[in-house]
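**Student:** Hey, dropping query.json in here, JSON, C-alpha atoms:
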[["chain", "number", "residue", "atom", "x", "y", "z"],
["N", 1, "MET", "CA", 108.85, 75.89, 85.12],
["N", 2, "SER", "CA", 106.22, 76.45, 87.76],
["N", 3, "ARG", "CA", 105.37, 79.75, 89.42],
["N", 4, "TRP", "CA", 104.72, 78.06, 92.75],
["N", 5, "ARG", "CA", 106.88, 79.30, 95.61],
["N", 6, "PRO", "CA", 106.99, 77.89, 99.10],
["N", 7, "ALA", "CA", 105.39, 80.09, 101.74],
["N", 8, "THR", "CA", 107.79, 82.35, 103.57],
["N", 9, "ALA", "CA", 107.91, 82.48, 107.33],
["N", 10, "ALA", "CA", 105.60, 85.07, 108.81],
["N", 11, "ALA", "CA", 107.49, 88.25, 109.63],
["N", 12, "THR", "CA", 107.10, 89.90, 113.00],
["N", 13, "ALA", "CA", 104.37, 92.56, 112.82],
["N", 14, "LEU", "CA", 106.20, 95.21, 114.85],
["N", 15, "ILE", "CA", 107.38, 98.54, 113.50],
["N", 16, "THR", "CA", 108.61, 101.89, 114.77],
["N", 17, "ARG", "CA", 106.51, 105.01, 114.27],
["N", 18, "ALA", "CA", 109.09, 106.40, 111.80],
["N", 19, "GLY", "CA", 109.11, 103.11, 109.86],
["N", 20, "LEU", "CA", 105.32, 103.15, 109.61],
["N", 21, "ALA", "CA", 105.41, 106.73, 108.32],
["N", 22, "ARG", "CA", 107.96, 105.71, 105.63],
["N", 23, "LEU", "CA", 105.80, 102.79, 104.48],
["N", 24, "ARG", "CA", 102.70, 104.99, 104.31],
["N", 25, "ALA", "CA", 104.64, 107.62, 102.32],
["N", 26, "GLU", "CA", 105.86, 104.91, 99.94],
["N", 27, "LEU", "CA", 102.31, 103.63, 99.42],
["N", 28, "ASP", "CA", 101.03, 107.15, 98.81],
["N", 29, "GLU", "CA", 103.84, 107.90, 96.34],
["N", 30, "LEU", "CA", 103.25, 104.64, 94.45],
["N", 31, "TRP", "CA", 99.50, 105.17, 94.28],
["N", 32, "ARG", "CA", 99.37, 108.90, 93.52],
["N", 33, "VAL", "CA", 102.56, 109.53, 91.52],
["N", 34, "ARG", "CA", 104.29, 106.49, 90.03],
["N", 35, "ARG", "CA", 101.25, 104.42, 89.05],
["N", 36, "PRO", "CA", 99.52, 107.24, 87.10],
["N", 37, "GLU", "CA", 102.80, 107.98, 85.27],
["N", 38, "VAL", "CA", 103.22, 104.34, 84.27],
["N", 39, "VAL", "CA", 99.56, 104.00, 83.23],
["N", 40, "SER", "CA", 99.81, 107.03, 80.93],
["N", 41, "ALA", "CA", 103.09, 105.77, 79.44],
["N", 42, "LEU", "CA", 101.46, 102.35, 78.95],
["N", 43, "ALA", "CA", 98.49, 103.94, 77.17],
["N", 44, "ALA", "CA", 100.86, 105.86, 74.89],
["N", 45, "ALA", "CA", 102.81, 102.69, 74.11],
["N", 46, "ALA", "CA", 99.59, 100.77, 73.42],
["N", 47, "ALA", "CA", 98.48, 103.47, 70.98],
["N", 48, "GLU", "CA", 101.58, 102.88, 68.85],
["N", 49, "GLY", "CA", 100.09, 99.76, 67.33],
["N", 50, "ASP", "CA", 101.36, 96.17, 67.25],
["N", 51, "ARG", "CA", 101.79, 95.25, 70.91],
["N", 52, "SER", "CA", 103.53, 91.93, 70.27],
["N", 53, "GLU", "CA", 106.65, 93.71, 68.99],
["N", 54, "ASN", "CA", 106.41, 96.80, 71.17],
["N", 55, "ALA", "CA", 109.19, 96.71, 73.79],
["N", 56, "GLU", "CA", 107.94, 99.87, 75.51],
["N", 57, "TYR", "CA", 104.50, 98.30, 75.97],
["N", 58, "SER", "CA", 105.98, 95.09, 77.44],
["N", 59, "TYR", "CA", 108.25, 97.04, 79.77],
["N", 60, "ARG", "CA", 105.43, 99.26, 81.04],
["N", 61, "LYS", "CA", 103.14, 96.26, 81.63],
["N", 62, "LYS", "CA", 105.83, 94.63, 83.78],
["N", 63, "GLN", "CA", 106.49, 97.90, 85.60],
["N", 64, "LEU", "CA", 102.77, 98.34, 86.31],
["N", 65, "ALA", "CA", 102.54, 94.77, 87.63],
["N", 66, "GLU", "CA", 105.49, 95.41, 90.00],
["N", 67, "ILE", "CA", 103.90, 98.62, 91.28],
["N", 68, "ASP", "CA", 100.53, 96.93, 91.78],
["N", 69, "ARG", "CA", 102.19, 94.02, 93.60],
["N", 70, "ARG", "CA", 103.96, 96.42, 95.97],
["N", 71, "ILE", "CA", 100.74, 98.41, 96.53],
["N", 72, "ARG", "CA", 98.85, 95.21, 97.40],
["N", 73, "TYR", "CA", 101.61, 94.11, 99.77],
["N", 74, "LEU", "CA", 101.82, 97.47, 101.54],
["N", 75, "SER", "CA", 98.03, 97.80, 101.83],
["N", 76, "LYS", "CA", 97.75, 94.39, 103.51],
["N", 77, "ARG", "CA", 100.89, 94.77, 105.61],
["N", 78, "LEU", "CA", 99.98, 98.22, 107.00],
["N", 79, "ASP", "CA", 96.75, 96.74, 108.39],
["N", 80, "THR", "CA", 98.66, 94.10, 110.39],
["N", 81, "LEU", "CA", 101.55, 96.18, 111.73],
["N", 82, "ARG", "CA", 101.65, 97.26, 115.37],
["N", 83, "ILE", "CA", 103.71, 100.25, 116.51],
["N", 84, "ALA", "CA", 106.09, 99.49, 119.37],
["N", 85, "GLU", "CA", 106.83, 102.58, 121.41],
["N", 86, "GLY", "CA", 108.47, 103.45, 124.65],
["N", 87, "VAL", "CA", 110.97, 101.68, 126.83],
["N", 88, "PRO", "CA", 110.31, 98.06, 127.79],
["N", 89, "VAL", "CA", 109.60, 97.15, 131.40],
["N", 90, "ASP", "CA", 113.23, 96.00, 131.78],
["N", 91, "PRO", "CA", 115.43, 98.56, 129.95],
["N", 92, "GLY", "CA", 118.56, 96.68, 131.03],
["N", 93, "ALA", "CA", 117.77, 93.88, 128.58],
["N", 94, "ILE", "CA", 117.68, 93.87, 124.79],
["N", 95, "PHE", "CA", 114.22, 94.05, 123.20],
["N", 96, "PHE", "CA", 112.64, 95.60, 120.08],
["N", 97, "GLY", "CA", 113.91, 99.13, 119.40],
["N", 98, "ALA", "CA", 117.17, 98.76, 121.31],
["N", 99, "CYS", "CA", 120.42, 100.21, 120.02],
["N", 100, "VAL", "CA", 123.03, 97.65, 120.95],
["N", 101, "GLU", "CA", 126.77, 98.17, 120.94],
["N", 102, "LEU", "CA", 128.67, 94.92, 120.44],
["N", 103, "GLU", "CA", 132.33, 94.04, 120.56],
["N", 104, "ASP", "CA", 133.58, 91.25, 118.31],
["N", 105, "CYS", "CA", 135.55, 88.90, 120.56],
["N", 106, "ASN", "CA", 137.87, 87.86, 117.72],
["N", 107, "SER", "CA", 138.82, 91.23, 116.24],
["N", 108, "GLY", "CA", 137.94, 93.60, 119.08],
["N", 109, "GLU", "CA", 135.99, 95.71, 116.58],
["N", 110, "ARG", "CA", 132.88, 97.49, 117.88],
["N", 111, "CYS", "CA", 129.63, 97.87, 116.00],
["N", 112, "VAL", "CA", 126.20, 99.32, 116.79],
["N", 113, "TYR", "CA", 122.92, 97.77, 115.69],
["N", 114, "ARG", "CA", 119.34, 98.90, 116.19],
["N", 115, "ILE", "CA", 116.69, 96.18, 116.32],
["N", 116, "VAL", "CA", 113.70, 97.18, 114.17],
["N", 117, "GLY", "CA", 110.85, 95.50, 112.32],
["N", 118, "PRO", "CA", 111.50, 93.44, 109.18],
["N", 119, "ASP", "CA", 109.84, 96.08, 106.97],
["N", 120, "GLU", "CA", 112.28, 98.83, 107.96],
["N", 121, "THR", "CA", 115.69, 97.14, 107.96],
["N", 122, "ASP", "CA", 118.67, 99.01, 106.52],
["N", 123, "ALA", "CA", 122.00, 97.28, 106.94],
["N", 124, "SER", "CA", 123.96, 100.36, 105.84],
["N", 125, "SER", "CA", 122.69, 102.32, 108.86],
["N", 126, "GLY", "CA", 122.86, 99.38, 111.28],
["N", 127, "ASP", "CA", 119.11, 98.71, 111.44],
["N", 128, "ILE", "CA", 118.62, 94.94, 111.64],
["N", 129, "SER", "CA", 115.39, 92.97, 111.59],
["N", 130, "ILE", "CA", 114.12, 91.47, 114.81],
["N", 131, "ASP", "CA", 113.75, 88.27, 112.76],
["N", 132, "SER", "CA", 117.48, 88.16, 111.85],
["N", 133, "PRO", "CA", 119.74, 85.54, 113.46],
["N", 134, "LEU", "CA", 121.80, 88.21, 115.25],
["N", 135, "ALA", "CA", 118.76, 89.98, 116.71],
["N", 136, "ARG", "CA", 117.22, 86.69, 117.82],
["N", 137, "ALA", "CA", 120.47, 85.79, 119.60],
["N", 138, "LEU", "CA", 120.59, 89.23, 121.28],
["N", 139, "LEU", "CA", 117.02, 89.30, 122.63],
["N", 140, "LYS", "CA", 116.85, 89.39, 126.46],
["N", 141, "ARG", "CA", 120.65, 89.66, 126.78],
["N", 142, "ARG", "CA", 122.24, 92.23, 129.06],
["N", 143, "VAL", "CA", 125.45, 94.27, 129.19],
["N", 144, "ASP", "CA", 128.56, 92.03, 129.45],
["N", 145, "ASP", "CA", 126.65, 88.95, 128.19],
["N", 146, "GLU", "CA", 128.42, 86.88, 125.55],
["N", 147, "VAL", "CA", 126.53, 86.02, 122.37],
["N", 148, "HIS", "CA", 127.34, 83.17, 120.01],
["N", 149, "VAL", "CA", 125.51, 83.35, 116.69],
["N", 150, "ALA", "CA", 125.68, 81.55, 113.35],
["N", 151, "LEU", "CA", 125.86, 84.27, 110.68],
["N", 152, "PRO", "CA", 125.83, 83.68, 106.91],
["N", 153, "ASN", "CA", 129.62, 84.18, 106.74],
["N", 154, "GLY", "CA", 130.26, 81.82, 109.66],
["N", 155, "PRO", "CA", 129.94, 81.67, 113.43],
["N", 156, "ALA", "CA", 130.51, 84.87, 115.41],
["N", 157, "HIS", "CA", 131.16, 85.66, 119.04],
["N", 158, "PHE", "CA", 130.19, 89.04, 120.55],
["N", 159, "VAL", "CA", 130.03, 90.74, 123.94],
["N", 160, "VAL", "CA", 127.25, 93.24, 124.66],
["N", 161, "VAL", "CA", 128.89, 96.56, 125.56],
["N", 162, "ALA", "CA", 125.91, 98.95, 125.82],
["N", 163, "ILE", "CA", 122.13, 99.06, 125.40],
["N", 164, "ARG", "CA", 120.10, 102.21, 124.65],
["N", 165, "TYR", "CA", 116.45, 102.84, 123.77],
["N", 166, "PRO", "CA", 116.23, 105.91, 121.50],
["N", 167, "LEU", "CA", 112.53, 105.36, 120.73],
["N", 168, "ALA", "CA", 111.57, 106.56, 124.19],
["N", 169, "ALA", "CA", 112.75, 110.11, 123.53]]
Take the structure from the file and write it as C-alpha cells.
**Tutor:**
Amino acid sequence: MSRWRPATAAATALITRAGLARLRAELDELWRVRRPEVVSALAAAAAEGDRSENAEYSYRKKQLAEIDRRIRYLSKRLDTLRIAEGVPVDPGAIFFGACVELEDCNSGERCVYRIVGPDETDASSGDISIDSPLARALLKRRVDDEVHVALPNGPAHFVVVAIRYPLAA
C-alpha cells in the first residue's frame, strides 16, 4: 500500500484573533512541554535494550512523529494566516466572523452558527468553517433570505433570522 495521498483543497487563510492565540498556545505547549516529555520517555525506553521488541519505544517514536508533524503544520500555517477583525463594510450581510441565527424550514428549529476559519472550528459550540458547505451557502445572504444547502445528511432548507458580528466588540 502506498503512502501517497491526493492533495487537499487549500483552506481559507483567515482566523480570528482568539483562534490565532489558541494555535500559538498549542504550538508553544507542544514544543516546550509535550515534546521534551516524549523525548525523555523515548530515551528511557531506548535504554532498556532490544528496540525491536520494545513496545514502549515503538509507541514513543510514533508519538514523537505525531507531535513533530503537528509542530511543522502549525509553524507553516501560522505564517500564512491573516487575522480578520472588525465589522465588514456591509454588516447586514453574512461574512467571516458573523453569528448567524437560522430557522430550519422543515422542523422550525432554530440554531446559531458562527463562521470562523478552518483551523478554529468547533461544532459543539456552533463554530463552523468558512469552507463548509453551510457557510459557503450563507455568505452574502441577509435576514429573511432562504438558503438551500446540500449537507452530509441530506438537503436542508433554512431561513436567516438574525446576523450579529461579535468580533467588533
**Student:** Between CA of Val161 in chain N and CA of Glu103 in chain N, what is the distance, to one decimal in Å?
**Tutor:**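 That distance, rounded to one decimal, is 6.6 Å.
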**Student:** Which residues, written as a VMD selection string, have at least one atom at most 12 Å from range 64-73 of chain N, with all atoms listed in the file counted and residues fewer than 6 positions away on the same chain left out?
**Tutor:** chain N and resid 23 to 43 57 to 58 79 to 80 119
**Student:** For Asp131 in chain N, which of N:Tyr59, N:Phe96, N:Tyr113, N:Trp4 is the closest residue, counting only C-alpha atoms?
**Tutor:**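 With only C-alpha atoms as the atom set, the closest residue is N:Phe96.
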**Student:** So how far away is CA of Thr12 in chain N from CA of Asp144 in chain N, in Å?
**Tutor:**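 We find that CA of Asp144 in chain N and CA of Thr12 in chain N lie 27.1 Å from each other.
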**Student:** Between N:Leu138, N:Glu56, N:Ala13, N:Lys62, which residue has the minimum interatomic distance to Lys76 in chain N, considering all atoms listed in the file?
**Tutor:**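 The answer is N:Ala13, which sits nearest to Lys76 in chain N.
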**Student:** Skipping near chain neighbours, those fewer than 4 positions away, what residues fall within 7 Å of Val143 in chain N using all atoms listed in the file, listed as a PyMOL selection string?
**Tutor:** chain N and resi 160-163
**Student:** So, with all atoms listed in the file as the atoms that count, which of N:Leu78, N:Ile115, N:Val100, N:Ala93 lies closest to Arg22 in chain N?
**Tutor:**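 Among N:Leu78, N:Ile115, N:Val100, N:Ala93, it is N:Leu78 that comes nearest to Arg22 in chain N.
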**Student:** In Å, how far is it from CA of Tyr165 in chain N to CA of Asp104 in chain N?
**Tutor:**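 CA of Tyr165 in chain N sits 21.4 Å away from CA of Asp104 in chain N.
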**Student:** For a cutoff of 12 Å around the file-coordinate point (115.5, 101.2, 118.9), which residues qualify once you count all atoms listed in the file? I'd like the result as a CSV table (one decimal) with C-alpha atoms, keeping the file's coordinate frame.
**Tutor:**
chain,number,residue,atom,x,y,z
N,14,LEU,CA,106.2,95.2,114.8
N,15,ILE,CA,107.4,98.5,113.5
N,16,THR,CA,108.6,101.9,114.8
N,17,ARG,CA,106.5,105.0,114.3
N,18,ALA,CA,109.1,106.4,111.8
N,19,GLY,CA,109.1,103.1,109.9
N,84,ALA,CA,106.1,99.5,119.4
N,85,GLU,CA,106.8,102.6,121.4
N,86,GLY,CA,108.5,103.4,124.6
N,87,VAL,CA,111.0,101.7,126.8
N,88,PRO,CA,110.3,98.1,127.8
N,91,PRO,CA,115.4,98.6,130.0
N,94,ILE,CA,117.7,93.9,124.8
N,95,PHE,CA,114.2,94.0,123.2
N,96,PHE,CA,112.6,95.6,120.1
N,97,GLY,CA,113.9,99.1,119.4
N,98,ALA,CA,117.2,98.8,121.3
N,99,CYS,CA,120.4,100.2,120.0
N,100,VAL,CA,123.0,97.6,121.0
N,101,GLU,CA,126.8,98.2,120.9
N,112,VAL,CA,126.2,99.3,116.8
N,113,TYR,CA,122.9,97.8,115.7
N,114,ARG,CA,119.3,98.9,116.2
N,115,ILE,CA,116.7,96.2,116.3
N,116,VAL,CA,113.7,97.2,114.2
N,117,GLY,CA,110.8,95.5,112.3
N,120,GLU,CA,112.3,98.8,108.0
N,121,THR,CA,115.7,97.1,108.0
N,126,GLY,CA,122.9,99.4,111.3
N,127,ASP,CA,119.1,98.7,111.4
N,128,ILE,CA,118.6,94.9,111.6
N,129,SER,CA,115.4,93.0,111.6
N,130,ILE,CA,114.1,91.5,114.8
N,135,ALA,CA,118.8,90.0,116.7
N,163,ILE,CA,122.1,99.1,125.4
N,164,ARG,CA,120.1,102.2,124.6
N,165,TYR,CA,116.4,102.8,123.8
N,166,PRO,CA,116.2,105.9,121.5
N,167,LEU,CA,112.5,105.4,120.7
N,168,ALA,CA,111.6,106.6,124.2
N,169,ALA,CA,112.8,110.1,123.5
**Student:** Near Ala137 in chain N, within 7 Å and counting all atoms listed in the file, which residues show up once chain neighbours fewer than 2 positions away are dropped, as JSON, numbers by chain?
**Tutor:** {"N": [133, 134, 135, 139, 147, 149]}
**Student:** If the box runs along x, y and z of the file and leaves 6 Å on each side of range 8-22 of chain N, what are its centre and edge lengths in Å, one decimal, as lines of an AutoDock Vina configuration file?
**Tutor:**
center_x = 106.7
center_y = 94.5
center_z = 109.2
size_x = 16.7
size_y = 36.4
size_z = 23.3
**Student:** Nearest residue to Arg110 in chain N out of N:Ser124, N:Arg77, N:Val159, N:Arg141, using only C-alpha atoms?
**Tutor:**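 Among N:Ser124, N:Arg77, N:Val159, N:Arg141, it is N:Val159 that comes nearest to Arg110 in chain N.
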**Student:** Could you check which of N:Ser107, N:Arg136, N:Ala123, N:Pro118 is closest to His157 in chain N, using all atoms listed in the file?
**Tutor:** N:Ser107
**Student:** Rank N:Ile83, N:Ser75, N:Pro6, N:Phe158 by their smallest atom-to-atom distance to Glu109 in chain N, using only C-alpha atoms, and report the top residue only.
**Tutor:**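 Ranked by minimum distance to Glu109 in chain N, first place goes to N:Phe158.
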**Student:** Since the input is missing atoms for range 131-160 of chain N, could you rebuild it with N, CA and C atoms and give the result as a PDB file, in the frame of the given file?
**Tutor:**
ATOM      1  N   ASP N 131     113.799  89.656 113.211  1.00  0.00           N
ATOM      2  CA  ASP N 131     113.750  88.270 112.760  1.00  0.00           C
ATOM      3  C   ASP N 131     115.119  87.737 112.316  1.00  0.00           C
ATOM      4  N   SER N 132     116.150  88.588 112.296  1.00  0.00           N
ATOM      5  CA  SER N 132     117.480  88.160 111.850  1.00  0.00           C
ATOM      6  C   SER N 132     118.139  87.270 112.909  1.00  0.00           C
ATOM      7  N   PRO N 133     119.070  86.417 112.487  1.00  0.00           N
ATOM      8  CA  PRO N 133     119.740  85.540 113.460  1.00  0.00           C
ATOM      9  C   PRO N 133     120.452  86.316 114.581  1.00  0.00           C
ATOM     10  N   LEU N 134     121.096  87.429 114.236  1.00  0.00           N
ATOM     11  CA  LEU N 134     121.800  88.210 115.250  1.00  0.00           C
ATOM     12  C   LEU N 134     120.830  88.794 116.267  1.00  0.00           C
ATOM     13  N   ALA N 135     119.739  89.386 115.791  1.00  0.00           N
ATOM     14  CA  ALA N 135     118.760  89.980 116.710  1.00  0.00           C
ATOM     15  C   ALA N 135     118.118  88.917 117.591  1.00  0.00           C
ATOM     16  N   ARG N 136     117.804  87.771 117.025  1.00  0.00           N
ATOM     17  CA  ARG N 136     117.220  86.690 117.820  1.00  0.00           C
ATOM     18  C   ARG N 136     118.177  86.236 118.926  1.00  0.00           C
ATOM     19  N   ALA N 137     119.473  86.194 118.597  1.00  0.00           N
ATOM     20  CA  ALA N 137     120.470  85.790 119.600  1.00  0.00           C
ATOM     21  C   ALA N 137     120.638  86.862 120.676  1.00  0.00           C
ATOM     22  N   LEU N 138     120.405  88.132 120.327  1.00  0.00           N
ATOM     23  CA  LEU N 138     120.590  89.230 121.280  1.00  0.00           C
ATOM     24  C   LEU N 138     119.409  89.435 122.224  1.00  0.00           C
ATOM     25  N   LEU N 139     118.212  89.031 121.813  1.00  0.00           N
ATOM     26  CA  LEU N 139     117.020  89.300 122.630  1.00  0.00           C
ATOM     27  C   LEU N 139     117.194  88.784 124.058  1.00  0.00           C
ATOM     28  N   LYS N 140     116.826  89.639 125.007  1.00  0.00           N
ATOM     29  CA  LYS N 140     116.850  89.390 126.460  1.00  0.00           C
ATOM     30  C   LYS N 140     118.264  89.331 127.038  1.00  0.00           C
ATOM     31  N   ARG N 141     119.280  89.626 126.242  1.00  0.00           N
ATOM     32  CA  ARG N 141     120.650  89.660 126.780  1.00  0.00           C
ATOM     33  C   ARG N 141     120.872  90.983 127.476  1.00  0.00           C
ATOM     34  N   ARG N 142     121.913  91.040 128.294  1.00  0.00           N
ATOM     35  CA  ARG N 142     122.240  92.230 129.060  1.00  0.00           C
ATOM     36  C   ARG N 142     123.687  92.634 128.801  1.00  0.00           C
ATOM     37  N   VAL N 143     124.077  93.799 129.325  1.00  0.00           N
ATOM     38  CA  VAL N 143     125.450  94.270 129.190  1.00  0.00           C
ATOM     39  C   VAL N 143     126.397  93.228 129.779  1.00  0.00           C
ATOM     40  N   ASP N 144     127.505  92.998 129.107  1.00  0.00           N
ATOM     41  CA  ASP N 144     128.560  92.030 129.450  1.00  0.00           C
ATOM     42  C   ASP N 144     128.182  90.573 129.139  1.00  0.00           C
ATOM     43  N   ASP N 145     126.989  90.320 128.600  1.00  0.00           N
ATOM     44  CA  ASP N 145     126.650  88.950 128.190  1.00  0.00           C
ATOM     45  C   ASP N 145     127.402  88.610 126.900  1.00  0.00           C
ATOM     46  N   GLU N 146     127.778  87.361 126.767  1.00  0.00           N
ATOM     47  CA  GLU N 146     128.420  86.880 125.550  1.00  0.00           C
ATOM     48  C   GLU N 146     127.352  86.264 124.656  1.00  0.00           C
ATOM     49  N   VAL N 147     127.499  86.498 123.344  1.00  0.00           N
ATOM     50  CA  VAL N 147     126.530  86.020 122.370  1.00  0.00           C
ATOM     51  C   VAL N 147     127.258  85.233 121.298  1.00  0.00           C
ATOM     52  N   HIS N 148     126.831  84.006 121.086  1.00  0.00           N
ATOM     53  CA  HIS N 148     127.340  83.170 120.010  1.00  0.00           C
ATOM     54  C   HIS N 148     126.228  83.063 118.975  1.00  0.00           C
ATOM     55  N   VAL N 149     126.541  83.373 117.726  1.00  0.00           N
ATOM     56  CA  VAL N 149     125.510  83.350 116.690  1.00  0.00           C
ATOM     57  C   VAL N 149     126.093  82.817 115.386  1.00  0.00           C
ATOM     58  N   ALA N 150     125.286  82.049 114.665  1.00  0.00           N
ATOM     59  CA  ALA N 150     125.680  81.550 113.350  1.00  0.00           C
ATOM     60  C   ALA N 150     125.207  82.556 112.309  1.00  0.00           C
ATOM     61  N   LEU N 151     126.155  83.287 111.721  1.00  0.00           N
ATOM     62  CA  LEU N 151     125.860  84.270 110.680  1.00  0.00           C
ATOM     63  C   LEU N 151     126.114  83.640 109.315  1.00  0.00           C
ATOM     64  N   PRO N 152     125.621  84.251 108.246  1.00  0.00           N
ATOM     65  CA  PRO N 152     125.830  83.680 106.910  1.00  0.00           C
ATOM     66  C   PRO N 152     127.313  83.478 106.546  1.00  0.00           C
ATOM     67  N   ASN N 153     128.190  84.333 107.064  1.00  0.00           N
ATOM     68  CA  ASN N 153     129.620  84.180 106.740  1.00  0.00           C
ATOM     69  C   ASN N 153     130.370  83.365 107.791  1.00  0.00           C
ATOM     70  N   GLY N 154     129.646  82.692 108.669  1.00  0.00           N
ATOM     71  CA  GLY N 154     130.260  81.820 109.660  1.00  0.00           C
ATOM     72  C   GLY N 154     129.877  82.197 111.078  1.00  0.00           C
ATOM     73  N   PRO N 155     130.291  81.382 112.043  1.00  0.00           N
ATOM     74  CA  PRO N 155     129.940  81.670 113.430  1.00  0.00           C
ATOM     75  C   PRO N 155     130.639  82.937 113.938  1.00  0.00           C
ATOM     76  N   ALA N 156     129.952  83.642 114.840  1.00  0.00           N
ATOM     77  CA  ALA N 156     130.510  84.870 115.410  1.00  0.00           C
ATOM     78  C   ALA N 156     130.311  84.858 116.912  1.00  0.00           C
ATOM     79  N   HIS N 157     131.170  85.601 117.578  1.00  0.00           N
ATOM     80  CA  HIS N 157     131.160  85.660 119.040  1.00  0.00           C
ATOM     81  C   HIS N 157     131.260  87.131 119.443  1.00  0.00           C
ATOM     82  N   PHE N 158     130.245  87.636 120.154  1.00  0.00           N
ATOM     83  CA  PHE N 158     130.190  89.040 120.550  1.00  0.00           C
ATOM     84  C   PHE N 158     130.002  89.159 122.055  1.00  0.00           C
ATOM     85  N   VAL N 159     130.333  90.352 122.567  1.00  0.00           N
ATOM     86  CA  VAL N 159     130.030  90.740 123.940  1.00  0.00           C
ATOM     87  C   VAL N 159     129.190  92.006 123.867  1.00  0.00           C
ATOM     88  N   VAL N 160     128.111  92.056 124.627  1.00  0.00           N
ATOM     89  CA  VAL N 160     127.250  93.240 124.660  1.00  0.00           C
ATOM     90  C   VAL N 160     127.940  94.306 125.498  1.00  0.00           C
TER      91      VAL N 160
END
